[in-house]
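my_file.cif (mmCIF, C-alpha atoms and all ligand atoms) appears below.
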data_upload
loop_
_atom_site.label_atom_id
_atom_site.label_comp_id
_atom_site.auth_asym_id
_atom_site.auth_seq_id
_atom_site.Cartn_x
_atom_site.Cartn_y
_atom_site.Cartn_z
CA MET T 10 -11.42 -22.26 -5.07
CA PRO T 11 -9.80 -21.78 -8.48
CA ARG T 12 -11.78 -19.25 -10.45
CA TYR T 13 -11.50 -20.42 -14.01
CA PRO T 14 -13.44 -18.47 -16.61
CA THR T 15 -16.90 -19.96 -17.13
CA PRO T 16 -17.44 -21.37 -20.62
CA ALA T 17 -19.70 -19.14 -22.70
CA ASN T 18 -22.38 -21.87 -23.03
CA ALA T 19 -22.73 -22.53 -19.28
CA PRO T 20 -26.28 -21.96 -17.98
CA PRO T 21 -26.50 -18.70 -16.02
CA LYS T 22 -27.26 -20.01 -12.54
CA VAL T 23 -25.86 -17.20 -10.45
CA ARG T 24 -27.84 -14.16 -9.36
CA VAL T 25 -26.81 -10.62 -10.06
CA VAL T 26 -26.24 -8.21 -7.19
CA THR T 27 -25.72 -4.48 -7.21
CA LEU T 28 -23.21 -2.71 -5.08
CA ARG T 29 -21.41 0.61 -4.93
CA ILE T 30 -17.67 1.07 -5.42
CA ASN T 31 -16.24 4.56 -4.81
CA GLY T 32 -19.71 6.04 -5.21
CA GLN T 33 -20.27 4.28 -8.53
CA ASP T 34 -23.20 1.82 -8.83
CA VAL T 35 -22.08 -1.46 -10.36
CA SER T 36 -23.70 -4.84 -10.89
CA ALA T 37 -21.93 -8.14 -10.51
CA ARG T 38 -22.53 -11.86 -10.30
CA GLU T 39 -23.04 -12.87 -6.70
CA ASP T 40 -20.00 -15.18 -6.78
CA GLU T 41 -17.56 -12.51 -7.93
CA THR T 42 -14.92 -10.91 -5.75
CA ILE T 43 -14.68 -7.17 -5.19
CA LEU T 44 -11.41 -7.15 -7.13
CA SER T 45 -12.78 -8.83 -10.24
CA VAL T 46 -15.83 -6.53 -10.25
CA ALA T 47 -13.56 -3.53 -9.89
CA VAL T 48 -11.36 -4.73 -12.77
CA ASP T 49 -14.47 -5.26 -14.94
CA HIS T 50 -15.51 -1.66 -14.29
CA GLY T 51 -12.10 -0.12 -14.82
CA ILE T 52 -11.60 0.65 -11.13
CA ARG T 53 -7.97 0.13 -10.23
CA ILE T 54 -7.17 -1.61 -6.95
CA PRO T 55 -3.43 -2.19 -6.41
CA SER T 56 -2.58 -5.86 -5.83
CA LEU T 57 0.54 -8.01 -5.83
CA CYS T 58 -0.02 -11.66 -4.92
CA TYR T 59 -3.25 -11.90 -6.92
CA LEU T 60 -2.93 -13.22 -10.46
CA GLU T 61 -5.87 -13.93 -12.72
CA GLY T 62 -5.95 -17.64 -13.44
CA LEU T 63 -4.55 -18.72 -10.08
CA THR T 64 -6.30 -19.34 -6.77
CA ALA T 65 -6.71 -16.12 -4.80
CA TRP T 66 -4.29 -16.11 -1.88
CA GLY T 67 -4.91 -12.88 0.06
CA ALA T 68 -1.35 -12.70 1.36
CA CYS T 69 0.04 -9.33 0.31
CA ARG T 70 -2.82 -7.20 1.68
CA LEU T 71 -2.24 -4.47 -0.90
CA CYS T 72 -5.78 -4.86 -2.25
CA VAL T 73 -7.45 -4.12 1.09
CA VAL T 74 -10.64 -2.06 0.80
CA GLU T 75 -13.11 -0.50 3.22
CA VAL T 76 -16.59 -1.96 3.31
CA ALA T 77 -19.28 0.11 5.04
CA GLY T 78 -20.44 -1.48 8.31
CA ILE T 79 -17.37 -3.72 8.66
CA PRO T 80 -14.73 -2.33 11.03
CA LYS T 81 -11.74 -4.19 9.55
CA LEU T 82 -10.23 -3.84 6.12
CA LEU T 83 -10.97 -6.66 3.68
CA PRO T 84 -8.80 -8.02 0.86
CA ALA T 85 -10.62 -7.31 -2.41
CA CYS T 86 -9.14 -10.40 -4.10
CA SER T 87 -10.80 -12.82 -1.72
CA THR T 88 -13.94 -11.02 -0.56
CA VAL T 89 -17.10 -11.96 -2.43
CA VAL T 90 -19.58 -9.19 -3.21
CA THR T 91 -22.97 -8.97 -1.51
CA GLU T 92 -26.15 -7.08 -2.38
CA GLY T 93 -26.01 -3.44 -1.35
CA MET T 94 -22.32 -3.55 -0.36
CA VAL T 95 -20.69 -0.11 -0.19
CA VAL T 96 -16.97 -0.29 -1.00
CA GLU T 97 -14.27 2.35 -0.81
CA THR T 98 -11.00 1.44 -2.56
CA ASN T 99 -8.84 4.54 -2.35
CA SER T 100 -9.40 6.42 0.92
CA ASP T 101 -6.53 8.23 2.63
CA LYS T 102 -6.42 5.47 5.21
CA LEU T 103 -6.05 2.79 2.53
CA LYS T 104 -3.38 4.77 0.74
CA ARG T 105 -1.47 5.03 4.03
CA TYR T 106 -1.76 1.31 4.64
CA ARG T 107 -0.67 0.38 1.11
CA ARG T 108 2.32 2.64 1.39
CA MET T 109 3.30 1.07 4.70
CA ILE T 110 2.98 -2.45 3.26
CA LEU T 111 5.29 -1.48 0.42
CA GLU T 112 7.78 0.10 2.80
CA LEU T 113 7.87 -3.09 4.85
CA LEU T 114 8.38 -5.20 1.72
CA PHE T 115 11.30 -3.02 0.62
CA ALA T 116 12.82 -3.02 4.12
CA GLU T 117 12.45 -6.74 4.76
CA ARG T 118 14.71 -8.06 2.00
CA ASN T 119 17.00 -6.39 -0.47
CA HIS T 120 15.68 -4.21 -3.29
CA VAL T 121 18.39 -2.26 -5.05
CA CYS T 122 16.36 -1.50 -8.18
CA SER T 123 19.17 0.26 -10.04
CA VAL T 124 21.19 -2.95 -10.39
CA CYS T 125 18.31 -5.47 -10.41
CA VAL T 126 17.68 -7.63 -13.48
CA SER T 127 14.01 -6.67 -13.27
CA ASN T 128 14.57 -2.91 -13.09
CA GLY T 129 11.91 -1.24 -15.20
CA HIS T 130 9.80 -4.42 -15.55
CA CYS T 131 8.90 -5.17 -11.95
CA GLU T 132 5.44 -5.22 -10.42
CA LEU T 133 6.75 -4.33 -6.96
CA GLN T 134 8.68 -1.37 -8.30
CA ASN T 135 5.62 -0.23 -10.29
CA LEU T 136 3.41 -0.52 -7.22
CA ALA T 137 5.83 1.63 -5.22
CA ALA T 138 5.66 4.25 -7.96
CA GLU T 139 1.86 4.00 -8.24
CA CYS T 140 1.33 4.30 -4.50
CA GLY T 141 3.82 7.16 -4.10
CA MET T 142 6.14 5.08 -1.91
CA ASP T 143 9.29 7.15 -2.53
CA HIS T 144 11.17 6.41 0.69
CA VAL T 145 11.17 3.79 3.43
CA ARG T 146 10.74 5.14 6.94
CA VAL T 147 11.48 1.94 8.86
CA PRO T 148 15.04 0.58 9.27
CA TYR T 149 16.24 -1.80 6.58
CA ARG T 150 16.85 -5.31 7.88
CA ASN T 151 19.98 -5.88 5.76
CA ALA T 152 19.66 -9.63 6.20
CA PRO T 153 21.27 -11.74 3.49
CA TYR T 154 19.21 -14.44 1.80
CA GLU T 155 20.35 -17.22 -0.46
CA VAL T 156 20.75 -17.04 -4.24
CA ASP T 157 20.29 -20.43 -5.93
CA SER T 158 21.73 -20.62 -9.45
CA SER T 159 21.82 -24.41 -9.65
CA HIS T 160 19.05 -24.70 -12.27
CA ASP T 161 20.27 -24.85 -15.87
CA PHE T 162 18.06 -22.01 -17.10
CA PHE T 163 16.68 -20.12 -14.11
CA ARG T 164 17.82 -18.51 -10.89
CA VAL T 165 16.03 -17.77 -7.62
CA ASP T 166 17.26 -14.78 -5.63
CA HIS T 167 15.47 -14.92 -2.30
CA ASN T 168 16.66 -11.40 -1.52
CA ARG T 169 14.09 -10.13 -4.02
CA CYS T 170 11.24 -12.48 -3.06
CA VAL T 171 8.07 -10.99 -1.58
CA LEU T 172 6.51 -14.38 -0.71
CA CYS T 173 3.50 -13.83 -2.95
CA THR T 174 3.44 -17.62 -3.67
CA ARG T 175 2.55 -17.09 -7.32
CA CYS T 176 5.35 -19.54 -8.19
CA VAL T 177 3.93 -22.12 -5.79
CA ARG T 178 0.43 -21.79 -7.20
CA VAL T 179 1.33 -21.74 -10.89
CA CYS T 180 3.59 -24.77 -10.55
CA ASP T 181 0.91 -26.67 -8.66
CA GLU T 182 -2.28 -25.52 -10.35
CA ILE T 183 -1.17 -24.99 -13.95
CA GLU T 184 1.97 -27.04 -14.53
CA GLY T 185 0.93 -29.76 -12.10
CA ALA T 186 4.47 -30.31 -10.85
CA HIS T 187 4.24 -28.70 -7.40
CA THR T 188 7.98 -28.14 -7.26
CA TRP T 189 7.62 -24.98 -5.18
CA ASP T 190 6.35 -24.76 -1.65
CA VAL T 191 6.77 -22.54 1.39
CA MET T 192 9.00 -23.20 4.39
CA GLY T 193 9.48 -21.45 7.75
CA ARG T 194 7.65 -18.62 9.44
CA GLY T 195 8.12 -14.87 9.81
CA VAL T 196 11.43 -13.58 8.49
CA GLU T 197 12.60 -17.18 8.07
CA CYS T 198 9.83 -17.86 5.57
CA GLN T 199 11.00 -18.70 2.08
CA VAL T 200 9.90 -20.54 -1.02
CA ILE T 201 11.66 -23.86 -1.61
CA THR T 202 12.01 -26.36 -4.44
CA ASP T 203 11.14 -29.99 -3.68
CA LEU T 204 12.06 -30.72 -0.06
CA HIS T 205 14.40 -27.73 0.15
CA THR T 206 16.92 -29.16 -2.27
CA PRO T 207 18.73 -26.96 -4.81
CA TRP T 208 16.44 -26.16 -7.74
CA GLY T 209 18.90 -27.73 -10.19
CA GLU T 210 18.56 -31.07 -8.40
CA SER T 211 14.77 -30.97 -8.35
CA GLU T 212 13.21 -34.17 -9.66
CA SER T 213 9.76 -32.66 -10.09
CA CYS T 214 10.65 -29.49 -12.03
CA THR T 215 9.91 -29.77 -15.75
CA SER T 216 11.83 -26.55 -16.53
CA CYS T 217 8.67 -25.09 -18.06
CA GLY T 218 9.52 -21.59 -16.78
CA LYS T 219 5.97 -20.70 -15.72
CA CYS T 220 7.10 -19.70 -12.23
CA VAL T 221 9.65 -17.32 -13.71
CA GLN T 222 7.02 -15.67 -15.91
CA VAL T 223 4.51 -15.10 -13.10
CA CYS T 224 6.99 -13.96 -10.44
CA PRO T 225 6.23 -10.25 -9.96
CA THR T 226 9.79 -9.31 -8.96
CA GLY T 227 13.39 -10.07 -9.80
CA ALA T 228 13.33 -13.14 -7.52
CA LEU T 229 12.77 -15.68 -10.30
CA VAL T 230 14.65 -14.86 -13.46
CA LYS T 231 16.17 -16.36 -16.54
CA LYS T 232 19.91 -16.85 -16.25
CA GLY T 233 22.12 -14.62 -18.33
CA THR T 234 20.06 -11.47 -17.83
CA ALA T 235 21.85 -8.29 -16.82
CA ALA T 236 20.41 -5.29 -14.97
CA GLY T 237 17.03 -4.32 -16.40
CA GLU T 238 16.99 -7.15 -18.96
CA MET T 239 14.48 -9.50 -17.33
CA GLU T 240 11.11 -8.85 -18.95
CA LYS T 241 8.25 -11.19 -18.17
CA LEU T 242 5.32 -12.21 -20.32
CA GLY T 243 2.57 -10.65 -18.25
CA ASP T 244 -0.36 -11.96 -20.27
CA PHE T 245 0.49 -15.57 -20.86
CA LEU T 246 -1.29 -17.02 -17.84
CA PRO T 247 -4.79 -15.59 -18.38
CA TYR T 248 -4.45 -16.77 -21.99
CA LEU T 249 -3.36 -20.24 -20.95
CA THR T 250 -6.20 -20.70 -18.46
CA GLN T 251 -8.75 -19.34 -20.91
CA MET T 252 -7.63 -21.81 -23.56
CA ARG T 253 -7.74 -24.67 -21.07
CA GLY T 254 -11.23 -23.64 -19.97
CA LYS T 255 -12.40 -23.94 -23.56
CA GLN T 256 -11.13 -27.51 -23.98
CA MET W 16 15.83 40.27 -9.39
CA SER W 17 18.98 41.73 -7.83
CA ALA W 18 21.95 39.53 -7.01
CA THR W 19 21.27 39.76 -3.27
CA GLU W 20 17.79 38.29 -3.69
CA LYS W 21 19.00 35.19 -5.45
CA ILE W 22 18.09 31.87 -3.93
CA THR W 23 21.15 30.21 -2.43
CA LEU W 24 21.83 26.58 -3.31
CA ALA W 25 24.37 24.19 -1.79
CA THR W 26 25.11 20.65 -2.94
CA ALA W 27 27.37 17.84 -1.76
CA TRP W 28 27.92 14.21 -2.45
CA LEU W 29 28.25 11.70 0.30
CA ASP W 30 28.64 8.01 -0.63
CA GLY W 31 27.50 8.18 -4.24
CA CYS W 32 29.08 7.83 -7.65
CA SER W 33 28.66 11.55 -8.50
CA GLY W 34 26.15 10.49 -11.16
CA CYS W 35 23.42 12.65 -9.61
CA HIS W 36 25.69 15.68 -9.89
CA MET W 37 26.49 14.71 -13.49
CA SER W 38 22.76 14.61 -14.12
CA PHE W 39 22.54 18.09 -12.60
CA LEU W 40 25.21 19.25 -15.08
CA ASP W 41 23.13 17.61 -17.82
CA LEU W 42 20.74 20.53 -17.38
CA ASP W 43 22.99 21.94 -20.11
CA GLU W 44 21.76 25.33 -21.33
CA ARG W 45 19.20 25.42 -18.55
CA LEU W 46 22.16 25.95 -16.19
CA ILE W 47 22.40 29.47 -17.60
CA THR W 48 18.78 30.16 -16.73
CA LEU W 49 19.39 28.64 -13.32
CA ALA W 50 22.46 30.81 -12.72
CA GLU W 51 20.29 33.90 -13.19
CA LEU W 52 17.96 32.82 -10.40
CA VAL W 53 20.18 30.85 -8.09
CA ASP W 54 23.55 31.33 -6.41
CA VAL W 55 25.44 28.06 -6.02
CA VAL W 56 27.22 28.88 -2.77
CA TYR W 57 28.80 25.49 -2.06
CA SER W 58 29.20 22.42 -4.23
CA PRO W 59 31.80 20.03 -5.70
CA ILE W 60 31.28 21.96 -8.93
CA VAL W 61 32.25 25.37 -7.46
CA ASP W 62 35.36 26.56 -5.61
CA THR W 63 33.99 27.56 -2.20
CA LYS W 64 35.36 25.35 0.55
CA GLU W 65 32.97 26.31 3.35
CA LEU W 66 29.25 25.78 3.62
CA PRO W 67 27.68 29.16 4.54
CA GLN W 68 25.76 29.39 7.80
CA GLN W 69 22.42 29.95 6.05
CA VAL W 70 21.42 28.37 2.75
CA ASP W 71 17.97 28.29 1.14
CA VAL W 72 18.15 24.92 -0.61
CA GLY W 73 20.54 22.05 0.09
CA ILE W 74 20.89 19.03 -2.18
CA LEU W 75 22.62 15.86 -0.98
CA GLU W 76 23.62 12.97 -3.21
CA GLY W 77 24.77 9.65 -1.80
CA ALA W 78 24.24 7.50 1.25
CA VAL W 79 25.58 8.01 4.76
CA SER W 80 28.52 5.57 4.89
CA SER W 81 31.18 7.26 7.02
CA GLU W 82 31.61 9.64 9.93
CA GLU W 83 32.39 12.34 7.39
CA ASP W 84 29.11 11.71 5.53
CA LEU W 85 27.22 11.85 8.80
CA ALA W 86 28.82 15.16 9.81
CA LYS W 87 28.05 16.63 6.37
CA ALA W 88 24.44 15.48 6.47
CA ARG W 89 24.02 17.07 9.91
CA MET W 90 25.67 20.30 8.84
CA PHE W 91 23.48 20.53 5.73
CA ARG W 92 20.38 19.95 7.83
CA GLU W 93 21.40 22.63 10.29
CA ARG W 94 22.19 25.25 7.69
CA CYS W 95 19.73 24.58 4.84
CA LYS W 96 16.13 25.71 5.07
CA PHE W 97 15.02 23.08 2.56
CA LEU W 98 16.95 19.83 2.26
CA ILE W 99 16.62 17.48 -0.73
CA SER W 100 17.81 13.86 -0.94
CA LEU W 101 18.80 13.48 -4.58
CA GLY W 102 18.93 9.99 -6.03
CA ASP W 103 18.51 6.43 -4.83
CA CYS W 104 21.75 6.25 -2.80
CA ALA W 105 20.59 9.19 -0.70
CA ILE W 106 17.08 7.73 -0.37
CA THR W 107 17.60 3.97 0.03
CA GLY W 108 21.34 3.42 0.47
CA ASN W 109 21.20 1.80 -2.99
CA VAL W 110 24.51 0.33 -4.24
CA PRO W 111 26.69 1.61 -1.33
CA SER W 112 24.36 -0.18 1.10
CA MET W 113 25.01 -3.53 -0.55
CA ARG W 114 27.98 -3.86 1.81
CA ASN W 115 25.58 -3.94 4.76
CA MET W 116 25.42 -7.71 4.38
CA PHE W 117 29.11 -8.00 5.30
CA ASP W 118 31.15 -6.90 8.28
CA LEU W 119 33.65 -4.07 7.90
CA ASP W 120 36.72 -6.33 7.97
CA GLU W 121 35.39 -8.20 4.97
CA VAL W 122 34.66 -4.91 3.22
CA PHE W 123 38.19 -3.53 3.76
CA ASP W 124 39.80 -6.82 2.74
CA ARG W 125 37.72 -6.89 -0.41
CA ALA W 126 38.85 -3.39 -1.34
CA PHE W 127 42.51 -3.52 -0.36
CA VAL W 128 43.53 -7.17 -0.36
CA GLU W 129 41.38 -9.54 -2.41
CA THR W 130 41.03 -7.31 -5.45
CA VAL W 131 44.54 -5.84 -5.44
CA GLN W 132 47.50 -7.49 -7.19
CA ALA W 133 50.42 -5.22 -6.25
CA GLN W 134 51.16 -5.28 -2.52
CA PRO W 135 47.77 -6.28 -1.26
CA GLN W 136 47.47 -4.91 2.30
CA ARG W 137 45.17 -2.72 4.26
CA PRO W 138 46.51 0.85 4.62
CA THR W 139 47.22 1.85 8.21
CA GLU W 140 46.29 5.50 7.78
CA GLY W 141 43.90 7.56 5.69
CA LEU W 142 41.14 4.99 5.79
CA PRO W 143 37.65 6.48 6.00
CA GLN W 144 35.86 5.85 9.26
CA LEU W 145 33.14 3.67 7.84
CA LEU W 146 29.79 3.30 9.55
CA GLN W 147 27.87 0.06 9.68
CA PRO W 148 25.21 -0.02 8.36
CA VAL W 149 25.15 2.40 5.44
CA ARG W 150 21.97 4.43 5.87
CA PRO W 151 19.70 6.66 3.79
CA ILE W 152 20.00 10.36 4.66
CA HIS W 153 16.47 10.60 6.05
CA HIS W 154 17.37 7.89 8.58
CA VAL W 155 19.92 10.24 10.18
CA VAL W 156 18.40 13.74 9.67
CA PRO W 157 14.95 14.91 8.55
CA VAL W 158 14.72 15.57 4.81
CA ASP W 159 12.12 17.81 3.14
CA LEU W 160 11.96 16.15 -0.27
CA VAL W 161 13.26 12.97 -1.88
CA VAL W 162 13.93 12.77 -5.62
CA GLN W 163 14.23 9.16 -6.78
CA GLY W 164 16.30 7.85 -9.65
CA CYS W 165 19.72 6.37 -10.30
CA PRO W 166 20.39 9.06 -11.27
CA PRO W 167 17.29 11.26 -11.46
CA SER W 168 17.13 12.67 -14.99
CA ALA W 169 18.06 16.27 -15.73
CA ASP W 170 14.39 16.87 -16.56
CA THR W 171 13.39 15.59 -13.12
CA ILE W 172 15.93 17.86 -11.44
CA TRP W 173 14.76 20.79 -13.55
CA TYR W 174 11.14 20.12 -12.66
CA VAL W 175 11.97 20.03 -8.94
CA LEU W 176 14.05 23.22 -9.00
CA THR W 177 11.61 25.23 -11.11
CA GLU W 178 8.64 24.16 -8.97
CA LEU W 179 10.51 25.18 -5.83
CA MET W 180 11.49 28.52 -7.34
CA ALA W 181 7.87 29.11 -8.29
CA GLY W 182 6.96 28.55 -4.65
CA ARG W 183 5.14 25.28 -5.30
CA ALA W 184 5.69 21.88 -3.69
CA PRO W 185 7.04 19.51 -6.35
CA ASP W 186 5.82 15.90 -6.48
CA PRO W 187 8.56 14.07 -8.37
CA THR W 188 6.89 10.67 -7.85
CA GLN W 189 4.86 11.46 -10.96
CA ILE W 190 7.95 11.49 -13.18
CA THR W 191 10.58 9.31 -11.54
CA ARG W 192 10.91 6.13 -9.46
CA PHE W 193 13.46 3.86 -7.78
CA GLY W 194 16.01 2.72 -10.33
CA ALA W 195 14.87 5.20 -12.98
S1 LIG B 1 12.67 -6.95 -7.54
FE1 LIG B 1 11.68 -5.07 -8.27
S2 LIG B 1 11.54 -3.77 -6.47
FE2 LIG B 1 13.06 -5.37 -6.01
S3 LIG B 1 15.04 -4.51 -6.62
FE3 LIG B 1 14.26 -5.62 -8.40
S4 LIG B 1 13.20 -4.04 -9.61
FE4 LIG B 1 13.44 -3.21 -7.53
S1 LIG B 2 9.99 -24.29 -14.13
FE1 LIG B 2 7.86 -25.08 -14.19
S2 LIG B 2 8.00 -27.07 -13.17
FE2 LIG B 2 9.88 -25.99 -12.65
S3 LIG B 2 9.44 -24.99 -10.72
FE3 LIG B 2 8.92 -23.50 -12.32
S4 LIG B 2 6.74 -23.82 -12.74
FE4 LIG B 2 7.46 -25.59 -11.59
S1 LIG B 3 9.85 -16.30 -5.93
FE1 LIG B 3 8.63 -14.72 -6.96
S2 LIG B 3 6.65 -15.73 -7.36
FE2 LIG B 3 7.70 -16.95 -5.83
S3 LIG B 3 6.95 -16.17 -3.88
FE3 LIG B 3 8.86 -15.07 -4.33
S4 LIG B 3 8.20 -13.20 -5.37
FE4 LIG B 3 6.47 -14.61 -5.42
#
What would the structure in this file look like if it were written as structure tokens?
Amino acid sequence: MPRYPTPANAPPKVRVVTLRINGQDVSAREDETILSVAVDHGIRIPSLCYLEGLTAWGACRLCVVEVAGIPKLLPACSTVVTEGMVVETNSDKLKRYRRMILELLFAERNHVCSVCVSNGHCELQNLAAECGMDHVRVPYRNAPYEVDSSHDFFRVDHNRCVLCTRCVRVCDEIEGAHTWDVMGRGVECQVITDLHTPWGESESCTSCGKCVQVCPTGALVKKGTAAGEMEKLGDFLPYLTQMRGKQ
Amino acid sequence: MSATEKITLATAWLDGCSGCHMSFLDLDERLITLAELVDVVYSPIVDTKELPQQVDVGILEGAVSSEEDLAKARMFRERCKFLISLGDCAITGNVPSMRNMFDLDEVFDRAFVETVQAQPQRPTEGLPQLLQPVRPIHHVVPVDLVVQGCPPSADTIWYVLTELMAGRAPDPTQITRFGA
């Protein structure tokens, strides 16, 4: 379900629940997710595929939290709060898991930050720094992926893609073009334009650039950017959805 | 502190651009302070040709790309009580590891044939014995500390060295990152 901001004049139908996050009592609307409640209360939960304004996806697993009484870890972005819930967001176990997820992401494709167009402005790189992921213990796969520069303005470098599907969701849910989709499974999985045709030949793409702006890594970039030059407009999507909600 | 009590430090570069060592030299006047506390017993920036049998702190720059790199990494591990991987090439493979996507024939041809105008041909002797794939140092020997950055700043290096000399465990992740 898309979670667009509720207009200010909407009747308050939802109940309020109280729960505990990291020992702190917080109250929330019963339809909120753990992640949005945490954000509202200034509690940081690392996340990657989640982006405010787009459907929650729950793919990257970085936002996993521990909920008392539930043996498995739950993704905070797509778990709705309940009354009396006791949530832990930063235990040693969770830190270990987050670090391992990041190591696997860095080992799966190719992330040479020093020469990447997104160096210094990359959500994946920032997450590695935040979570103390300073070296990868598993072997690197060293598998080459395609770079598609056929679009007039943009480029997709699949070597840097983390399969968060933000591009797929923004193009579908916000732009309404649905140029992007996902193909293949496991290590063969990749995002594609139209029916896996070169992006430059896409008939559905409007060249709006939204996918480039929401891509957390150096996978979708503007052409003509050199190392470290690709900065994205992090705030444009929440703004866009808020404005649309008000119409 | 008498000269005999000085901490011994050894450094080497494997497959790197020497930038991490340049960053070390960027310590500038702090090098004088360092020289009072530390004996640099082996390094590209000093004359000694042999790594002593016992060294307190070893610093390696660069990835493991050749048999020579591998032998050096092993020797450093054997002889250094505390081994540091300095910089992204040492920690991730970084730029040198970008050749991992190609086979060695392609790599040699690129270097000696495709990009050379005068007498393009692969030399028959003196070629390094390249390994495939290029690996981070901690994938071939255990490492005690990694210091990220391409290159890590002089301030980062100073922080690490002074913390170690003070007997504390430095946590450079607070001040540096991949690609910094
Ligand atoms: S996409 Fe991000 S993490 Fe990957 S190489 Fe580029 S800057 Fe580094
Ligand atoms: S530029 Fe716009 S229309 Fe084209 S793929 Fe990206 S989001 Fe979709
Ligand atoms: S191209 Fe970017 S936005 Fe799309 S799935 Fe890959 S990392 Fe995510």
Write out as a tab-separated table the residues of chain T that have any atom within 12 Å of an atom of chain W, one row each with the nearest atom pair and its distance in Å to one decimal, counting only C-alpha atoms, sorted by chain and then rising number.
residue	atom	partner	partner_atom	distance
T:Glu112	CA	W:Thr107	CA	10.9
T:Phe115	CA	W:Thr107	CA	9.4
T:Ala116	CA	W:Thr107	CA	9.4
T:Arg118	CA	W:Met116	CA	11.0
T:Asn119	CA	W:Met113	CA	8.5
T:His120	CA	W:Asn109	CA	8.2
T:Val121	CA	W:Asn109	CA	5.4
T:Cys122	CA	W:Gly194	CA	4.7
T:Ser123	CA	W:Gly194	CA	4.0
T:Val124	CA	W:Gly194	CA	7.7
T:Cys125	CA	W:Gly194	CA	8.5
T:Val126	CA	W:Gly194	CA	10.9
T:Ser127	CA	W:Gly194	CA	10.0
T:Asn128	CA	W:Gly194	CA	6.4
T:Gly129	CA	W:Ala195	CA	7.4
T:His130	CA	W:Gly194	CA	10.8
T:Cys131	CA	W:Gly194	CA	10.7
T:Leu133	CA	W:Phe193	CA	10.6
T:Gln134	CA	W:Phe193	CA	7.1
T:Asn135	CA	W:Arg192	CA	8.3
T:Leu136	CA	W:Arg192	CA	10.3
T:Ala137	CA	W:Arg192	CA	8.0
T:Ala138	CA	W:Arg192	CA	5.8
T:Glu139	CA	W:Thr188	CA	8.4
T:Cys140	CA	W:Thr188	CA	9.1
T:Gly141	CA	W:Thr188	CA	6.0
T:Met142	CA	W:Thr188	CA	8.2
T:Asp143	CA	W:Thr188	CA	6.8
T:His144	CA	W:Ile106	CA	6.1
T:Val145	CA	W:Thr107	CA	7.3
T:Arg146	CA	W:His154	CA	7.4
T:Val147	CA	W:His154	CA	8.4
T:Pro148	CA	W:His154	CA	7.7
T:Tyr149	CA	W:Arg150	CA	8.5
T:Arg150	CA	W:Asn115	CA	9.4
T:Asn151	CA	W:Met116	CA	5.9
T:Ala152	CA	W:Met116	CA	6.3
T:Pro153	CA	W:Met116	CA	5.9
T:Tyr154	CA	W:Met116	CA	9.5
T:Glu155	CA	W:Met116	CA	11.8
T:Asn168	CA	W:Met116	CA	11.2
T:Ala236	CA	W:Gly194	CA	10.2
T:Gly237	CA	W:Gly194	CA	9.4
Can I get the residues close to ligand LIG 2 (chain B) as a compact mmCIF listing (two decimals) with C-alpha atoms, keeping the file's coordinate frame, where close means within 7 Å and we count only C-alpha atoms and all ligand atoms?
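Resulting contents of out-v7.txt:
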# COMPACT_ATOMS: atom_id res chain seq x y z
CA CYS T 176 5.35 -19.54 -8.19
CA VAL T 179 1.33 -21.74 -10.89
CA CYS T 180 3.59 -24.77 -10.55
CA GLU T 184 1.97 -27.04 -14.53
CA ALA T 186 4.47 -30.31 -10.85
CA HIS T 187 4.24 -28.70 -7.40
CA THR T 188 7.98 -28.14 -7.26
CA TRP T 189 7.62 -24.98 -5.18
CA THR T 202 12.01 -26.36 -4.44
CA SER T 213 9.76 -32.66 -10.09
CA CYS T 214 10.65 -29.49 -12.03
CA THR T 215 9.91 -29.77 -15.75
CA SER T 216 11.83 -26.55 -16.53
CA CYS T 217 8.67 -25.09 -18.06
CA GLY T 218 9.52 -21.59 -16.78
CA LYS T 219 5.97 -20.70 -15.72
CA CYS T 220 7.10 -19.70 -12.23
CA VAL T 221 9.65 -17.32 -13.71
Next on the checklist: Show me which residues are within 7 Å of ligand LIG 3 (chain B) counting only C-alpha atoms and all ligand atoms, and format the list as an MDAnalysis selection string.
Outcome noted: chainID T and resid 165 167 169:177 200 220 223:226 228:229
Quick one: what's the axis-aligned box for range 151-154 of chain T, all listed atoms, 5 Å on every side, centre and edges in Å to one decimal, as JSON?
{"center_x": 20.2, "center_y": -10.2, "center_z": 4.0, "size_x": 12.1, "size_y": 18.6, "size_z": 14.4}
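Between CA of Val56 in chain W and CA of Gln68 in chain W the interatomic distance comes to 10.7 Å.
Separating CA of Thr26 in chain W from CA of Leu42 in chain W is a distance of 15.1 Å.
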Item to check | range 99-105 of chain T environment, 8 Å, all atoms listed in the file, sequence neighbours closer than 2 positions dropped, as a VMD selection string | outcome: chain T and resid 31 54 73 to 75 97 107 to 109 140
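Interatomic distance, CA of Glu41 in chain T to CA of Lys81 in chain T: 20.2 Å.
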Checklist entry - When distances are computed from only C-alpha atoms and all ligand atoms, which of T:Leu71, T:Leu57, T:Leu82, T:Val89 shows the smallest separation from ligand LIG 1 (chain B)? => result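 Residue with the minimum atom-to-atom distance to ligand LIG 1 (chain B): T:Leu57.
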Item to check | Who sits within 9 Å of Asp157 in chain T, all atoms listed in the file, same chain under 4 positions skipped, as a list in words | outcome: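 Once the nearby chain positions are removed, what remains is Phe163, Arg164, Val165, Asp166, His167, Pro207, Trp208 and Gly209 of chain T.
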Checklist entry - Do you know which residues are at most 6 Å from Trp28 in chain W counting all atoms listed in the file, after dropping those on the same chain fewer than 5 positions away, and could you put them as a PyMOL selection string? => result chain W and resi 75-77
